[in-house]
Structure formats: structure tokens, C-alpha cells
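Peer 1: For reference, the file coords38.pdb (PDB, C-alpha atoms) is included below:
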MODEL        1
ATOM      1  CA  MET A1138       0.000   0.000   0.000
ATOM      2  CA  THR A1139       1.104   3.548  -0.742
ATOM      3  CA  ASP A1140       2.286   5.653   2.201
ATOM      4  CA  VAL A1141       0.360   8.818   1.388
ATOM      5  CA  VAL A1142       2.488  11.001   3.677
ATOM      6  CA  ALA A1143       5.706   9.886   1.982
ATOM      7  CA  LEU A1144       4.129  10.367  -1.445
ATOM      8  CA  ALA A1145       2.933  13.844  -0.501
ATOM      9  CA  ALA A1146       6.414  14.746   0.762
ATOM     10  CA  GLU A1147       7.929  13.606  -2.540
ATOM     11  CA  LEU A1148       5.502  15.841  -4.432
ATOM     12  CA  LEU A1149       6.185  18.752  -2.087
ATOM     13  CA  ALA A1150       9.909  18.417  -2.739
ATOM     14  CA  ILE A1151       9.288  19.199  -6.417
ATOM     15  CA  GLN A1152       8.982  22.876  -7.259
ATOM     16  CA  SER A1153       5.991  23.366  -9.555
ATOM     17  CA  PRO A1154       4.791  26.973  -9.635
ATOM     18  CA  THR A1155       2.169  27.815 -12.235
ATOM     19  CA  GLY A1156       3.910  27.643 -15.602
ATOM     20  CA  GLY A1157       6.695  25.403 -14.278
ATOM     21  CA  GLU A1158       4.800  22.217 -13.473
ATOM     22  CA  GLY A1159       6.850  19.996 -15.797
ATOM     23  CA  PRO A1160       8.866  18.128 -13.118
ATOM     24  CA  ALA A1161       5.713  17.332 -11.120
ATOM     25  CA  VAL A1162       3.926  16.177 -14.276
ATOM     26  CA  ASP A1163       6.830  13.850 -15.049
ATOM     27  CA  PHE A1164       6.886  12.469 -11.487
ATOM     28  CA  VAL A1165       3.185  11.566 -11.270
ATOM     29  CA  SER A1166       3.154  10.203 -14.831
ATOM     30  CA  ARG A1167       5.986   7.801 -14.061
ATOM     31  CA  TRP A1168       4.400   6.859 -10.718
ATOM     32  CA  LEU A1169       1.151   5.912 -12.447
ATOM     33  CA  VAL A1170       2.777   4.079 -15.363
ATOM     34  CA  ARG A1171       4.786   1.910 -12.943
ATOM     35  CA  ARG A1172       1.485   0.843 -11.379
ATOM     36  CA  GLY A1173      -0.121  -0.189 -14.632
ATOM     37  CA  TRP A1174      -2.262   2.849 -15.411
ATOM     38  CA  ASN A1175      -2.911   4.033 -18.952
ATOM     39  CA  VAL A1176      -1.450   7.543 -18.858
ATOM     40  CA  THR A1177      -2.006  10.407 -21.276
ATOM     41  CA  VAL A1178      -0.110  13.674 -20.895
ATOM     42  CA  GLN A1179      -2.040  16.416 -22.660
ATOM     43  CA  GLU A1180       0.313  19.267 -23.529
ATOM     44  CA  VAL A1181      -1.106  22.589 -22.401
ATOM     45  CA  SER A1182       1.994  24.614 -23.257
ATOM     46  CA  PRO A1183       5.581  23.542 -23.999
ATOM     47  CA  GLY A1184       7.032  21.564 -21.113
ATOM     48  CA  ARG A1185       3.836  21.238 -19.084
ATOM     49  CA  GLY A1186       0.612  19.293 -19.426
ATOM     50  CA  ASN A1187      -2.339  17.598 -17.773
ATOM     51  CA  VAL A1188      -1.989  14.000 -16.581
ATOM     52  CA  TRP A1189      -4.960  11.719 -17.305
ATOM     53  CA  ALA A1190      -4.719   8.175 -15.960
ATOM     54  CA  SER A1191      -7.428   5.604 -16.645
ATOM     55  CA  ARG A1192      -8.210   1.895 -16.769
ATOM     56  CA  GLY A1193     -11.787   1.075 -17.718
ATOM     57  CA  GLY A1194     -13.423   4.493 -17.445
ATOM     58  CA  GLY A1195     -17.124   5.217 -17.264
ATOM     59  CA  GLY A1196     -17.176   5.938 -13.538
ATOM     60  CA  VAL A1197     -15.560   8.510 -11.256
ATOM     61  CA  ALA A1198     -12.741  10.941 -12.003
ATOM     62  CA  LEU A1199     -10.576  12.187  -9.125
ATOM     63  CA  SER A1200      -9.086  15.547 -10.065
ATOM     64  CA  THR A1201      -6.980  18.307  -8.576
ATOM     65  CA  HIS A1202      -4.084  20.543  -9.651
ATOM     66  CA  LEU A1203      -0.313  20.173  -9.569
ATOM     67  CA  ASP A1204       0.665  23.847  -9.669
ATOM     68  CA  THR A1205       1.312  25.982  -6.613
ATOM     69  CA  VAL A1206       1.667  29.667  -5.910
ATOM     70  CA  PRO A1207       5.187  31.018  -5.334
ATOM     71  CA  PRO A1208       7.427  31.239  -3.405
ATOM     72  CA  TYR A1209       8.589  27.685  -2.796
ATOM     73  CA  TYR A1210       8.774  26.271   0.733
ATOM     74  CA  PRO A1211      10.301  22.771   1.048
ATOM     75  CA  PRO A1212       8.520  19.994   2.949
ATOM     76  CA  ARG A1213       9.139  19.319   6.614
ATOM     77  CA  LEU A1214       7.374  17.059   9.096
ATOM     78  CA  GLU A1215       6.853  18.569  12.529
ATOM     79  CA  GLY A1216       4.794  16.585  14.976
ATOM     80  CA  SER A1217       1.402  15.888  13.427
ATOM     81  CA  ARG A1218       1.788  18.410  10.594
ATOM     82  CA  LEU A1219       3.302  18.113   7.128
ATOM     83  CA  TYR A1220       4.437  21.576   6.053
ATOM     84  CA  GLY A1221       5.411  22.849   2.618
ATOM     85  CA  ARG A1222       4.116  24.740  -0.401
ATOM     86  CA  GLY A1223       1.151  22.765  -1.690
ATOM     87  CA  SER A1224       0.684  20.619   1.410
ATOM     88  CA  SER A1225      -2.953  21.700   1.597
ATOM     89  CA  ASP A1226      -3.358  23.290  -1.846
ATOM     90  CA  ALA A1227      -3.176  20.855  -3.461
ATOM     91  CA  LYS A1228      -0.291  18.353  -3.541
ATOM     92  CA  GLY A1229      -1.392  16.645  -0.351
ATOM     93  CA  ILE A1230      -4.765  16.190  -2.035
ATOM     94  CA  ALA A1231      -3.105  14.869  -5.200
ATOM     95  CA  ALA A1232      -1.184  12.300  -3.141
ATOM     96  CA  ALA A1233      -4.364  11.172  -1.382
ATOM     97  CA  MET A1234      -6.195  10.823  -4.698
ATOM     98  CA  LEU A1235      -3.348   8.830  -6.211
ATOM     99  CA  ALA A1236      -3.233   6.527  -3.211
ATOM    100  CA  ALA A1237      -7.011   6.033  -3.178
ATOM    101  CA  ALA A1238      -7.245   5.445  -6.923
ATOM    102  CA  ASP A1239      -4.413   2.924  -6.871
ATOM    103  CA  ARG A1240      -5.951   1.088  -3.906
ATOM    104  CA  LEU A1241      -9.240   0.854  -5.785
ATOM    105  CA  ALA A1242      -7.462  -0.404  -8.887
ATOM    106  CA  GLN A1243      -5.567  -3.048  -6.930
ATOM    107  CA  ALA A1244      -8.922  -4.214  -5.558
ATOM    108  CA  GLY A1245     -10.180  -4.682  -9.118
ATOM    109  CA  GLU A1246     -12.157  -1.465  -9.542
ATOM    110  CA  GLU A1247     -11.358  -0.097 -12.998
ATOM    111  CA  ARG A1248     -14.036   2.595 -13.213
ATOM    112  CA  VAL A1249     -11.877   5.298 -11.651
ATOM    113  CA  ASP A1250      -9.786   7.919 -13.469
ATOM    114  CA  VAL A1251      -7.218  10.395 -12.183
ATOM    115  CA  LEU A1252      -6.968  13.859 -13.746
ATOM    116  CA  LEU A1253      -4.176  16.103 -12.480
ATOM    117  CA  VAL A1254      -4.153  19.479 -14.184
ATOM    118  CA  VAL A1255      -1.828  22.453 -14.422
ATOM    119  CA  GLY A1256      -2.503  26.154 -14.177
ATOM    120  CA  GLU A1257      -5.308  26.289 -11.597
ATOM    121  CA  GLU A1258      -3.701  29.071  -9.594
ATOM    122  CA  LYS A1259      -3.520  31.448 -12.543
ATOM    123  CA  GLY A1260      -6.184  31.257 -15.231
ATOM    124  CA  SER A1261      -6.895  27.501 -15.220
ATOM    125  CA  ASP A1262      -5.489  26.866 -18.681
ATOM    126  CA  GLY A1263      -5.064  23.219 -17.731
ATOM    127  CA  ALA A1264      -8.717  22.689 -16.884
ATOM    128  CA  ARG A1265      -9.811  24.493 -20.038
ATOM    129  CA  ALA A1266      -7.682  22.117 -22.074
ATOM    130  CA  ALA A1267      -8.772  19.039 -20.103
ATOM    131  CA  ASN A1268     -12.394  19.717 -20.946
ATOM    132  CA  HIS A1269     -11.542  18.848 -24.569
ATOM    133  CA  LEU A1270     -10.365  15.356 -23.626
ATOM    134  CA  PRO A1271     -12.767  12.459 -24.409
ATOM    135  CA  ALA A1272     -13.858  12.013 -20.797
ATOM    136  CA  THR A1273     -16.207   9.124 -19.983
ATOM    137  CA  SER A1274     -16.682   9.652 -16.237
ATOM    138  CA  ARG A1275     -20.150  10.199 -14.816
ATOM    139  CA  TRP A1276     -18.881  11.836 -11.618
ATOM    140  CA  LEU A1277     -16.104  14.352 -10.949
ATOM    141  CA  VAL A1278     -14.586  14.555  -7.471
ATOM    142  CA  ASN A1279     -12.493  17.715  -7.455
ATOM    143  CA  GLY A1280      -9.927  18.304  -4.736
ATOM    144  CA  GLU A1281      -9.472  21.543  -2.841
ATOM    145  CA  PRO A1282      -8.824  22.007   0.906
ATOM    146  CA  THR A1283     -12.364  21.741   2.332
ATOM    147  CA  GLU A1284     -11.286  20.551   5.814
ATOM    148  CA  SER A1285     -12.493  17.070   4.857
ATOM    149  CA  LYS A1286     -16.064  18.225   4.337
ATOM    150  CA  LEU A1287     -18.096  17.807   1.186
ATOM    151  CA  ALA A1288     -18.794  21.253  -0.194
ATOM    152  CA  SER A1289     -22.469  21.994  -0.806
ATOM    153  CA  GLY A1290     -21.496  24.807  -3.144
ATOM    154  CA  ALA A1291     -18.860  27.398  -3.936
ATOM    155  CA  LYS A1292     -18.963  31.104  -4.523
ATOM    156  CA  GLY A1293     -18.083  32.334  -7.977
ATOM    157  CA  SER A1294     -15.927  35.312  -8.828
ATOM    158  CA  LEU A1295     -15.984  38.495 -10.876
ATOM    159  CA  ARG A1296     -12.946  40.657 -11.572
ATOM    160  CA  VAL A1297     -13.574  44.346 -12.204
ATOM    161  CA  THR A1298     -11.176  47.189 -12.997
ATOM    162  CA  VAL A1299     -12.409  50.573 -11.765
ATOM    163  CA  ARG A1300     -10.737  53.364 -13.734
ATOM    164  CA  THR A1301     -10.715  57.146 -13.262
ATOM    165  CA  ARG A1302      -9.184  59.790 -15.481
ATOM    166  CA  GLY A1303      -7.825  63.261 -14.856
ATOM    167  CA  ARG A1304      -5.520  65.842 -16.426
ATOM    168  CA  GLU A1305      -1.808  66.197 -15.814
ATOM    169  CA  ALA A1306      -0.265  69.397 -14.517
ATOM    170  CA  HIS A1307       2.767  70.522 -12.550
ATOM    171  CA  SER A1308       2.089  69.862  -8.871
ATOM    172  CA  ALA A1309       3.143  73.435  -8.007
ATOM    173  CA  TYR A1310       0.065  74.556  -9.945
ATOM    174  CA  ALA A1311      -2.224  71.646  -9.168
ATOM    175  CA  HIS A1312      -5.316  73.755  -9.854
ATOM    176  CA  LEU A1313      -4.421  73.628 -13.553
ATOM    177  CA  GLY A1314      -4.842  69.854 -13.593
ATOM    178  CA  LYS A1315      -7.325  67.320 -12.357
ATOM    179  CA  SER A1316      -6.323  64.383 -10.144
ATOM    180  CA  ALA A1317      -7.451  60.914 -11.153
ATOM    181  CA  ILE A1318      -6.420  59.436  -7.805
ATOM    182  CA  GLU A1319      -8.557  61.551  -5.478
ATOM    183  CA  PRO A1320     -11.948  60.573  -6.977
ATOM    184  CA  LEU A1321     -10.890  56.905  -7.031
ATOM    185  CA  ILE A1322      -9.977  56.808  -3.356
ATOM    186  CA  ALA A1323     -13.194  58.647  -2.549
ATOM    187  CA  LEU A1324     -15.309  56.209  -4.567
ATOM    188  CA  LEU A1325     -13.894  52.866  -3.457
ATOM    189  CA  PRO A1326     -14.994  53.031   0.219
ATOM    190  CA  THR A1327     -18.605  53.484  -0.901
ATOM    191  CA  LEU A1328     -18.619  49.876  -2.169
ATOM    192  CA  GLY A1329     -19.347  48.944   1.424
ATOM    193  CA  GLU A1330     -22.637  50.845   1.266
ATOM    194  CA  LEU A1331     -24.077  48.725  -1.558
ATOM    195  CA  PRO A1332     -26.747  46.105  -0.671
ATOM    196  CA  LEU A1333     -24.863  43.273  -2.359
ATOM    197  CA  PRO A1334     -26.712  40.003  -3.128
ATOM    198  CA  SER A1335     -26.904  37.186  -0.576
ATOM    199  CA  ASP A1336     -27.880  33.512  -0.715
ATOM    200  CA  ASP A1337     -29.238  31.151   1.944
ATOM    201  CA  THR A1338     -26.582  28.519   1.167
ATOM    202  CA  LEU A1339     -23.542  30.506   0.043
ATOM    203  CA  GLY A1340     -23.972  33.576   2.240
ATOM    204  CA  ASP A1341     -23.095  37.157   1.289
ATOM    205  CA  THR A1342     -21.414  38.560  -1.783
ATOM    206  CA  THR A1343     -18.005  39.828  -0.692
ATOM    207  CA  TYR A1344     -15.293  41.875  -2.379
ATOM    208  CA  ASN A1345     -11.610  42.651  -2.090
ATOM    209  CA  ILE A1346      -9.839  45.731  -3.430
ATOM    210  CA  GLY A1347      -6.632  43.947  -4.309
ATOM    211  CA  VAL A1348      -4.629  46.394  -6.444
ATOM    212  CA  ILE A1349      -4.508  50.185  -6.787
ATOM    213  CA  ARG A1350      -2.409  51.938  -9.421
ATOM    214  CA  GLY A1351      -2.112  55.623 -10.248
ATOM    215  CA  GLY A1352       0.135  58.488 -11.163
ATOM    216  CA  THR A1353       3.711  58.700 -12.334
ATOM    217  CA  GLU A1354       5.576  61.091 -10.014
ATOM    218  CA  ALA A1355       4.869  62.973  -6.785
ATOM    219  CA  ASN A1356       5.320  66.299  -8.569
ATOM    220  CA  ILE A1357       2.797  65.542 -11.333
ATOM    221  CA  VAL A1358      -0.979  65.720 -10.952
ATOM    222  CA  PRO A1359      -2.055  62.165 -11.918
ATOM    223  CA  ALA A1360      -4.063  61.710 -15.102
ATOM    224  CA  HIS A1361      -4.798  58.000 -14.644
ATOM    225  CA  ALA A1362      -5.760  55.760 -11.725
ATOM    226  CA  GLU A1363      -7.338  52.344 -11.411
ATOM    227  CA  ALA A1364      -8.192  49.651  -8.907
ATOM    228  CA  GLU A1365      -8.677  45.921  -9.414
ATOM    229  CA  VAL A1366     -11.540  44.488  -7.375
ATOM    230  CA  MET A1367     -12.575  40.842  -7.021
ATOM    231  CA  PHE A1368     -16.134  39.976  -6.022
ATOM    232  CA  ARG A1369     -17.142  36.548  -4.677
ATOM    233  CA  LEU A1370     -20.470  35.711  -6.266
ATOM    234  CA  VAL A1371     -23.392  33.866  -4.678
ATOM    235  CA  GLY A1372     -25.732  33.963  -7.670
ATOM    236  CA  ASP A1373     -26.275  35.420 -11.132
ATOM    237  CA  VAL A1374     -23.602  37.968 -12.011
ATOM    238  CA  GLU A1375     -25.877  40.300 -14.012
ATOM    239  CA  PRO A1376     -27.684  41.938 -11.046
ATOM    240  CA  LEU A1377     -24.310  42.713  -9.474
ATOM    241  CA  LYS A1378     -23.028  44.200 -12.726
ATOM    242  CA  ALA A1379     -26.119  46.403 -12.873
ATOM    243  CA  GLN A1380     -25.481  47.598  -9.306
ATOM    244  CA  LEU A1381     -21.866  48.409 -10.053
ATOM    245  CA  THR A1382     -22.730  50.206 -13.280
ATOM    246  CA  GLN A1383     -25.084  52.475 -11.375
ATOM    247  CA  TRP A1384     -22.540  52.918  -8.561
ATOM    248  CA  ALA A1385     -19.832  54.074 -10.989
ATOM    249  CA  ALA A1386     -22.037  56.188 -13.269
ATOM    250  CA  GLY A1387     -20.475  59.581 -13.896
ATOM    251  CA  LYS A1388     -17.566  58.812 -11.567
ATOM    252  CA  ALA A1389     -15.512  55.982 -13.059
ATOM    253  CA  GLU A1390     -15.240  53.588 -15.962
ATOM    254  CA  LEU A1391     -15.647  49.845 -15.373
ATOM    255  CA  GLU A1392     -13.849  47.103 -17.264
ATOM    256  CA  TRP A1393     -15.292  43.633 -16.682
ATOM    257  CA  GLY A1394     -12.737  40.866 -16.234
ATOM    258  CA  SER A1395     -13.091  37.111 -15.890
ATOM    259  CA  THR A1396     -16.220  35.590 -14.367
ATOM    260  CA  ILE A1397     -16.659  32.192 -12.746
ATOM    261  CA  PRO A1398     -20.259  31.378 -11.794
ATOM    262  CA  ALA A1399     -21.364  30.298  -8.339
ATOM    263  CA  GLN A1400     -21.760  26.523  -8.092
ATOM    264  CA  ARG A1401     -23.920  23.917  -6.354
ATOM    265  CA  PHE A1402     -22.371  20.488  -5.770
ATOM    266  CA  HIS A1403     -23.595  16.948  -5.270
ATOM    267  CA  THR A1404     -23.244  15.576  -1.726
ATOM    268  CA  ILE A1405     -23.621  12.122  -0.220
ATOM    269  CA  ASP A1406     -24.621  10.873   3.216
ATOM    270  CA  GLY A1407     -22.061  10.231   5.899
ATOM    271  CA  PHE A1408     -19.972  13.383   5.444
ATOM    272  CA  ASP A1409     -20.035  16.808   7.040
ATOM    273  CA  VAL A1410     -21.268  19.353   4.488
ATOM    274  CA  ALA A1411     -20.517  23.084   4.226
ATOM    275  CA  PRO A1412     -20.213  25.741   1.489
ATOM    276  CA  VAL A1413     -16.875  27.273   0.486
ATOM    277  CA  ALA A1414     -16.110  30.820  -0.602
ATOM    278  CA  TYR A1415     -13.345  30.124  -3.116
ATOM    279  CA  THR A1416     -13.500  29.000  -6.733
ATOM    280  CA  SER A1417     -12.120  25.829  -8.289
ATOM    281  CA  ASP A1418     -11.629  24.229 -11.695
ATOM    282  CA  ILE A1419     -15.065  22.583 -11.530
ATOM    283  CA  PRO A1420     -16.913  25.114 -13.747
ATOM    284  CA  LEU A1421     -14.347  24.460 -16.498
ATOM    285  CA  LEU A1422     -14.608  20.650 -16.374
ATOM    286  CA  GLY A1423     -18.235  20.194 -17.353
ATOM    287  CA  ARG A1424     -17.541  17.148 -19.538
ATOM    288  CA  TRP A1425     -16.148  15.154 -16.602
ATOM    289  CA  GLY A1426     -19.429  14.493 -14.806
ATOM    290  CA  THR A1427     -21.593  15.665 -11.912
ATOM    291  CA  PRO A1428     -19.254  17.520  -9.525
ATOM    292  CA  LEU A1429     -18.355  17.011  -5.892
ATOM    293  CA  LEU A1430     -15.714  18.992  -3.984
ATOM    294  CA  PHE A1431     -13.687  17.442  -1.159
ATOM    295  CA  GLY A1432     -10.183  17.570   0.242
ATOM    296  CA  PRO A1433      -8.042  17.477   3.381
ATOM    297  CA  GLY A1434      -6.451  20.646   4.696
ATOM    298  CA  SER A1435      -7.676  24.183   5.203
ATOM    299  CA  ILE A1436      -7.875  27.075   2.777
ATOM    300  CA  HIS A1437      -6.975  29.342   5.697
ATOM    301  CA  VAL A1438      -3.335  28.198   5.611
ATOM    302  CA  ALA A1439      -3.095  27.791   1.828
ATOM    303  CA  HIS A1440      -0.855  30.363   0.097
ATOM    304  CA  THR A1441       0.901  31.158   3.409
ATOM    305  CA  PRO A1442       4.520  30.519   4.503
ATOM    306  CA  ASP A1443       3.281  28.040   7.139
ATOM    307  CA  GLU A1444       0.978  26.019   4.883
ATOM    308  CA  TYR A1445       0.414  22.535   6.296
ATOM    309  CA  VAL A1446      -1.890  19.541   6.427
ATOM    310  CA  HIS A1447      -2.455  17.314   9.442
ATOM    311  CA  VAL A1448      -0.930  13.885   8.847
ATOM    312  CA  ASP A1449      -3.909  12.048  10.351
ATOM    313  CA  GLU A1450      -6.327  14.008   8.170
ATOM    314  CA  LEU A1451      -4.234  13.286   5.094
ATOM    315  CA  ARG A1452      -4.257   9.551   5.821
ATOM    316  CA  ALA A1453      -7.989   9.596   6.568
ATOM    317  CA  SER A1454      -8.683  11.342   3.262
ATOM    318  CA  VAL A1455      -7.447   8.295   1.334
ATOM    319  CA  ASP A1456     -10.212   6.247   2.970
ATOM    320  CA  ALA A1457     -12.658   9.100   2.361
ATOM    321  CA  TYR A1458     -11.910   9.288  -1.358
ATOM    322  CA  GLU A1459     -12.291   5.524  -1.644
ATOM    323  CA  ARG A1460     -15.633   5.671   0.169
ATOM    324  CA  ILE A1461     -16.846   8.528  -2.038
ATOM    325  CA  VAL A1462     -15.907   6.646  -5.208
ATOM    326  CA  ARG A1463     -17.559   3.407  -4.110
ATOM    327  CA  THR A1464     -20.725   5.245  -3.046
ATOM    328  CA  LEU A1465     -20.973   7.072  -6.370
ATOM    329  CA  LEU A1466     -20.346   3.905  -8.389
ATOM    330  CA  ALA A1467     -23.152   2.203  -6.501
ATOM    331  CA  THR A1468     -25.568   5.003  -7.385
TER     332      THR A1468
ENDMDL
END
Can you dump the structure from the file as C-alpha cells?
Peer 2:
Amino acid sequence: MTDVVALAAELLAIQSPTGGEGPAVDFVSRWLVRRGWNVTVQEVSPGRGNVWASRGGGGVALSTHLDTVPPYYPPRLEGSRLYGRGSSDAKGIAAAMLAAADRLAQAGEERVDVLLVVGEEKGSDGARAANHLPATSRWLVNGEPTESKLASGAKGSLRVTVRTRGREAHSAYAHLGKSAIEPLIALLPTLGELPLPSDDTLGDTTYNIGVIRGGTEANIVPAHAEAEVMFRLVGDVEPLKAQLTQWAAGKAELEWGSTIPAQRFHTIDGFDVAPVAYTSDIPLLGRWGTPLLFGPGSIHVAHTPDEYVHVDELRASVDAYERIVRTLLAT
């Protein structure tokens, strides 16, 4: 049987930031081939690709991502915690899925696939490509750190750039110009006054002002300013867009960025269930079956220097994935 903690540590020792997943792709491909899986590596861009491992197909696909956010932190085991970049998001999950899938295969169950994609942390180019593969699975179990709960749903996202314009002038004669920064910093706090949509399952729409840019020099009245805002959606995006259009009217220009819709997921008995606020690759993998979302670890430590997963939870997740697969196949 596969030691999932050792396998996770091996994966964590491989640096695989988004765009540089090649070594991790090679590692899991070889691991699967040695165990008798039929492995396809779908090139997404030169040197990196999705790994699709199958046997008989027609059942359940276990899927997560191999890329991580930078910077790299090597693995270390301290007490009951396995630390390292990707330990919770999502290499620990990948190790648990590999271990569960291989255990099922060794027991004679051939209706399980493994799909490990690249690029989830930045644009999901891997998932977009994987949705063109000839998938046969009826169910998709996607892996993100849900604290070992089945997610009932996930918030979507909307990126918006809020842009203001002014007129440059020498700062000694600022009255001859018009600042683009001042109206932007006056407008942004009023986002908190909007009655943003809410949902009984997913909760409230939230937002984060993540980036502000403006001006060129301290002695020049700024002619351009902009802010990038990300909203977490709980329903249809169009009512929110209408609200924001009215909010910005006459004050700023809006540029709509990428949108991922809010999702509802399948759940099964015997698991704790809760919604999550983050997005996943699920909306981009529609051909892979009815979705579920489950994984060990917590999103609250993902993307942090002290990212970790509890060893006991990681081991238990192998059993959990096996139980989920068997339950779905019996449906």
C-alpha cells in the first residue's frame, strides 16, 4: 500500500509553480505508469501538461491541480503536521487521490480515473484544455482544501477594474490639472454601502480591493488611476453588474474581467457538508461528470509561509476518497 504522507512529501519536494509544473507532471506520470495505469499527458503549453490516468473508465474521475503559488517552501514534518508549499493546496490532495485510486485499482475497480491538471492558480489553462479530452466519467470529485467536508457549493468570482481619469499638470500649480487618484480613493470606500446580493446557502457577496495603481511622479498631478476588485459571487452575475454600473455612473469607468459562476455540488450521506467561498476548476470541467468537492487541509493556511496539512487528516482522506468513489459507483 502507498504511504500517502511519503508520497505527498515527494511531491512537495518538487517545485511546480504555475507555468513550471513539468517536473511534477513527469513524477506523477511515471508513478502511475509503474502501477499499470494508462497515462495520457495532454500538452497545455511547452514543457507542461495535464496527466490523465485511466483503466476502464465510465465511472468517477478524481481531479486536482499540480501547480502551486510562489514562493517555494520545502517539505518538513513537525509533529502531526506536514508543512510545505502545496501541502494543503493541493499536492497533499493529489497524493491522497493517487493513493485512493491505486488502492481501488488493486482491488479490481477499474471505473476510476485520475486527472491532475496544471494552471489552476492562474487562469486555469489546464482545466480548459482538459475539458476537450474524451472524458467518460459520470462523476467528478475535485480536490481543494475543504477541511475534509463535502462542499455543498462554492462562490463564484468576478474581476472588475475601476478606472478614473484626470488631467496632468505641474504639482506646483495643481489647480491647472485634475487628479485621477482623489476621486478613485473617494469612490472605493462606498462599495461597502451597496446592498450586495446574498444567498441562503452561500452567504453574502463579498469583495476585495486587491490592487490600486495611479500616477507617475509625486510632482505631477495624476491623469490615470485604477483599482482591481474581485467579487465573490453567490448567484447570477448580471444583477451585481447592474449595481456596479449604477454605482460608478459619472464617476468611473468599469472594465469587466473574468467571471466564474457560483456553483452547487452533489453531496452524499455520511460526510459533514458546508459551502466554500473560493473558486475551483469545476466550472471548467463540465464534460467530466456531476461535480463534488472534497479535500483534506484548510484554505486558511493555503498560500501562506506556514501552509500545512495534518498527517492524520491526510491519511484519513485516502479512505474518504475511496468511500466517495464506491458510493458514487453504486448510485
Peer 1: Write out as a PDB file with C-alpha atoms, in the frame of the given file each polymer residue whose atoms come within 7 Å of range 1189-1203 of chain A, counting only C-alpha atoms; drop sequence neighbours fewer than 3 positions from it.
Peer 2:
ATOM      1  CA  GLU A1158       4.800  22.217 -13.473  1.00  0.00           C
ATOM      2  CA  ALA A1161       5.713  17.332 -11.120  1.00  0.00           C
ATOM      3  CA  TRP A1174      -2.262   2.849 -15.411  1.00  0.00           C
ATOM      4  CA  ASN A1175      -2.911   4.033 -18.952  1.00  0.00           C
ATOM      5  CA  VAL A1176      -1.450   7.543 -18.858  1.00  0.00           C
ATOM      6  CA  THR A1177      -2.006  10.407 -21.276  1.00  0.00           C
ATOM      7  CA  VAL A1178      -0.110  13.674 -20.895  1.00  0.00           C
ATOM      8  CA  ALA A1227      -3.176  20.855  -3.461  1.00  0.00           C
ATOM      9  CA  LYS A1228      -0.291  18.353  -3.541  1.00  0.00           C
ATOM     10  CA  ALA A1231      -3.105  14.869  -5.200  1.00  0.00           C
ATOM     11  CA  MET A1234      -6.195  10.823  -4.698  1.00  0.00           C
ATOM     12  CA  GLU A1247     -11.358  -0.097 -12.998  1.00  0.00           C
ATOM     13  CA  ARG A1248     -14.036   2.595 -13.213  1.00  0.00           C
ATOM     14  CA  VAL A1249     -11.877   5.298 -11.651  1.00  0.00           C
ATOM     15  CA  ASP A1250      -9.786   7.919 -13.469  1.00  0.00           C
ATOM     16  CA  VAL A1251      -7.218  10.395 -12.183  1.00  0.00           C
ATOM     17  CA  LEU A1252      -6.968  13.859 -13.746  1.00  0.00           C
ATOM     18  CA  LEU A1253      -4.176  16.103 -12.480  1.00  0.00           C
ATOM     19  CA  VAL A1254      -4.153  19.479 -14.184  1.00  0.00           C
ATOM     20  CA  VAL A1255      -1.828  22.453 -14.422  1.00  0.00           C
ATOM     21  CA  GLU A1257      -5.308  26.289 -11.597  1.00  0.00           C
ATOM     22  CA  THR A1273     -16.207   9.124 -19.983  1.00  0.00           C
ATOM     23  CA  SER A1274     -16.682   9.652 -16.237  1.00  0.00           C
ATOM     24  CA  ARG A1275     -20.150  10.199 -14.816  1.00  0.00           C
ATOM     25  CA  TRP A1276     -18.881  11.836 -11.618  1.00  0.00           C
ATOM     26  CA  LEU A1277     -16.104  14.352 -10.949  1.00  0.00           C
ATOM     27  CA  VAL A1278     -14.586  14.555  -7.471  1.00  0.00           C
ATOM     28  CA  ASN A1279     -12.493  17.715  -7.455  1.00  0.00           C
ATOM     29  CA  GLY A1280      -9.927  18.304  -4.736  1.00  0.00           C
ATOM     30  CA  VAL A1462     -15.907   6.646  -5.208  1.00  0.00           C
ATOM     31  CA  LEU A1466     -20.346   3.905  -8.389  1.00  0.00           C
TER      32      LEU A1466
END
Peer 1: Rank nothing, just name the residue among A:Trp1425, A:Tyr1415, A:Phe1164, A:Tyr1458 nearest to Glu1281 in chain A, using all atoms listed in the file.
Peer 2: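 With all atoms listed in the file as the atom set, the closest residue is A:Tyr1415.
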Peer 1: Can you work out which one of A:Gly1290, A:Pro1183, A:Gly1221, A:Pro1207 has the shortest atom-to-atom distance to Val1438 in chain A, counting all atoms listed in the file?
Peer 2: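 When distances to Val1438 in chain A are compared using all atoms listed in the file, the smallest one comes from A:Gly1221.
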Peer 1: Using all atoms listed in the file, which of the listed residues (A:Ala1309, A:Ala1364, A:Leu1270, A:Val1455) sits closest to Leu1235 in chain A?
Peer 2: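 Checking each candidate against Leu1235 in chain A, we get A:Val1455 as the closest.
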Peer 1: Here is a test: counting only C-alpha atoms, which residue of A:Ser1182, A:Gln1152, A:Gln1383, A:Ser1217 is nearest to Val1446 in chain A?
Peer 2: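 Under the stated criterion, the closest residue is A:Ser1217.
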Peer 1: In Å, rounded to a single decimal, give me how far CA of Thr1416 in chain A is from CA of Val1141 in chain A.
Peer 2: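 A separation of 25.8 Å between them.
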Peer 1: Go through A:His1440, A:Lys1259, A:His1361, A:Arg1424 one by one, measure the shortest atom-to-atom distance of each to Ala1272 in chain A using only C-alpha atoms, and give the residue with the smallest value.
Peer 2: A:Arg1424
Peer 1: Within 10 Å of (-4.0, 1.1, -8.1) (coordinates as in the file), grab all the protein and nucleic acid residues, counting all atoms listed in the file, and write them out as number ranges by chain.
Peer 2: A: 1138-1139, 1169, 1172-1174, 1192, 1235-1247, 1249
Peer 1: Find the residues with any atom within 12 Å of (-19.2, 58.8, -13.2); use only C-alpha atoms and the coordinates as given in the file, and write the answer as a PyMOL selection string.
Peer 2: chain A and resi 1299-1302+1320-1321+1324+1381-1391
Peer 1: Do you have the CA of Ala1323 in chain A-CA of Pro1376 in chain A distance handy?
Peer 2: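 Calculated distance between CA of Ala1323 in chain A and CA of Pro1376 in chain A is 23.7 Å.
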Peer 1: So how far away is CA of Val1142 in chain A from CA of Gly1223 in chain A, in Å?
Peer 2: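 A separation of 13.0 Å between them.
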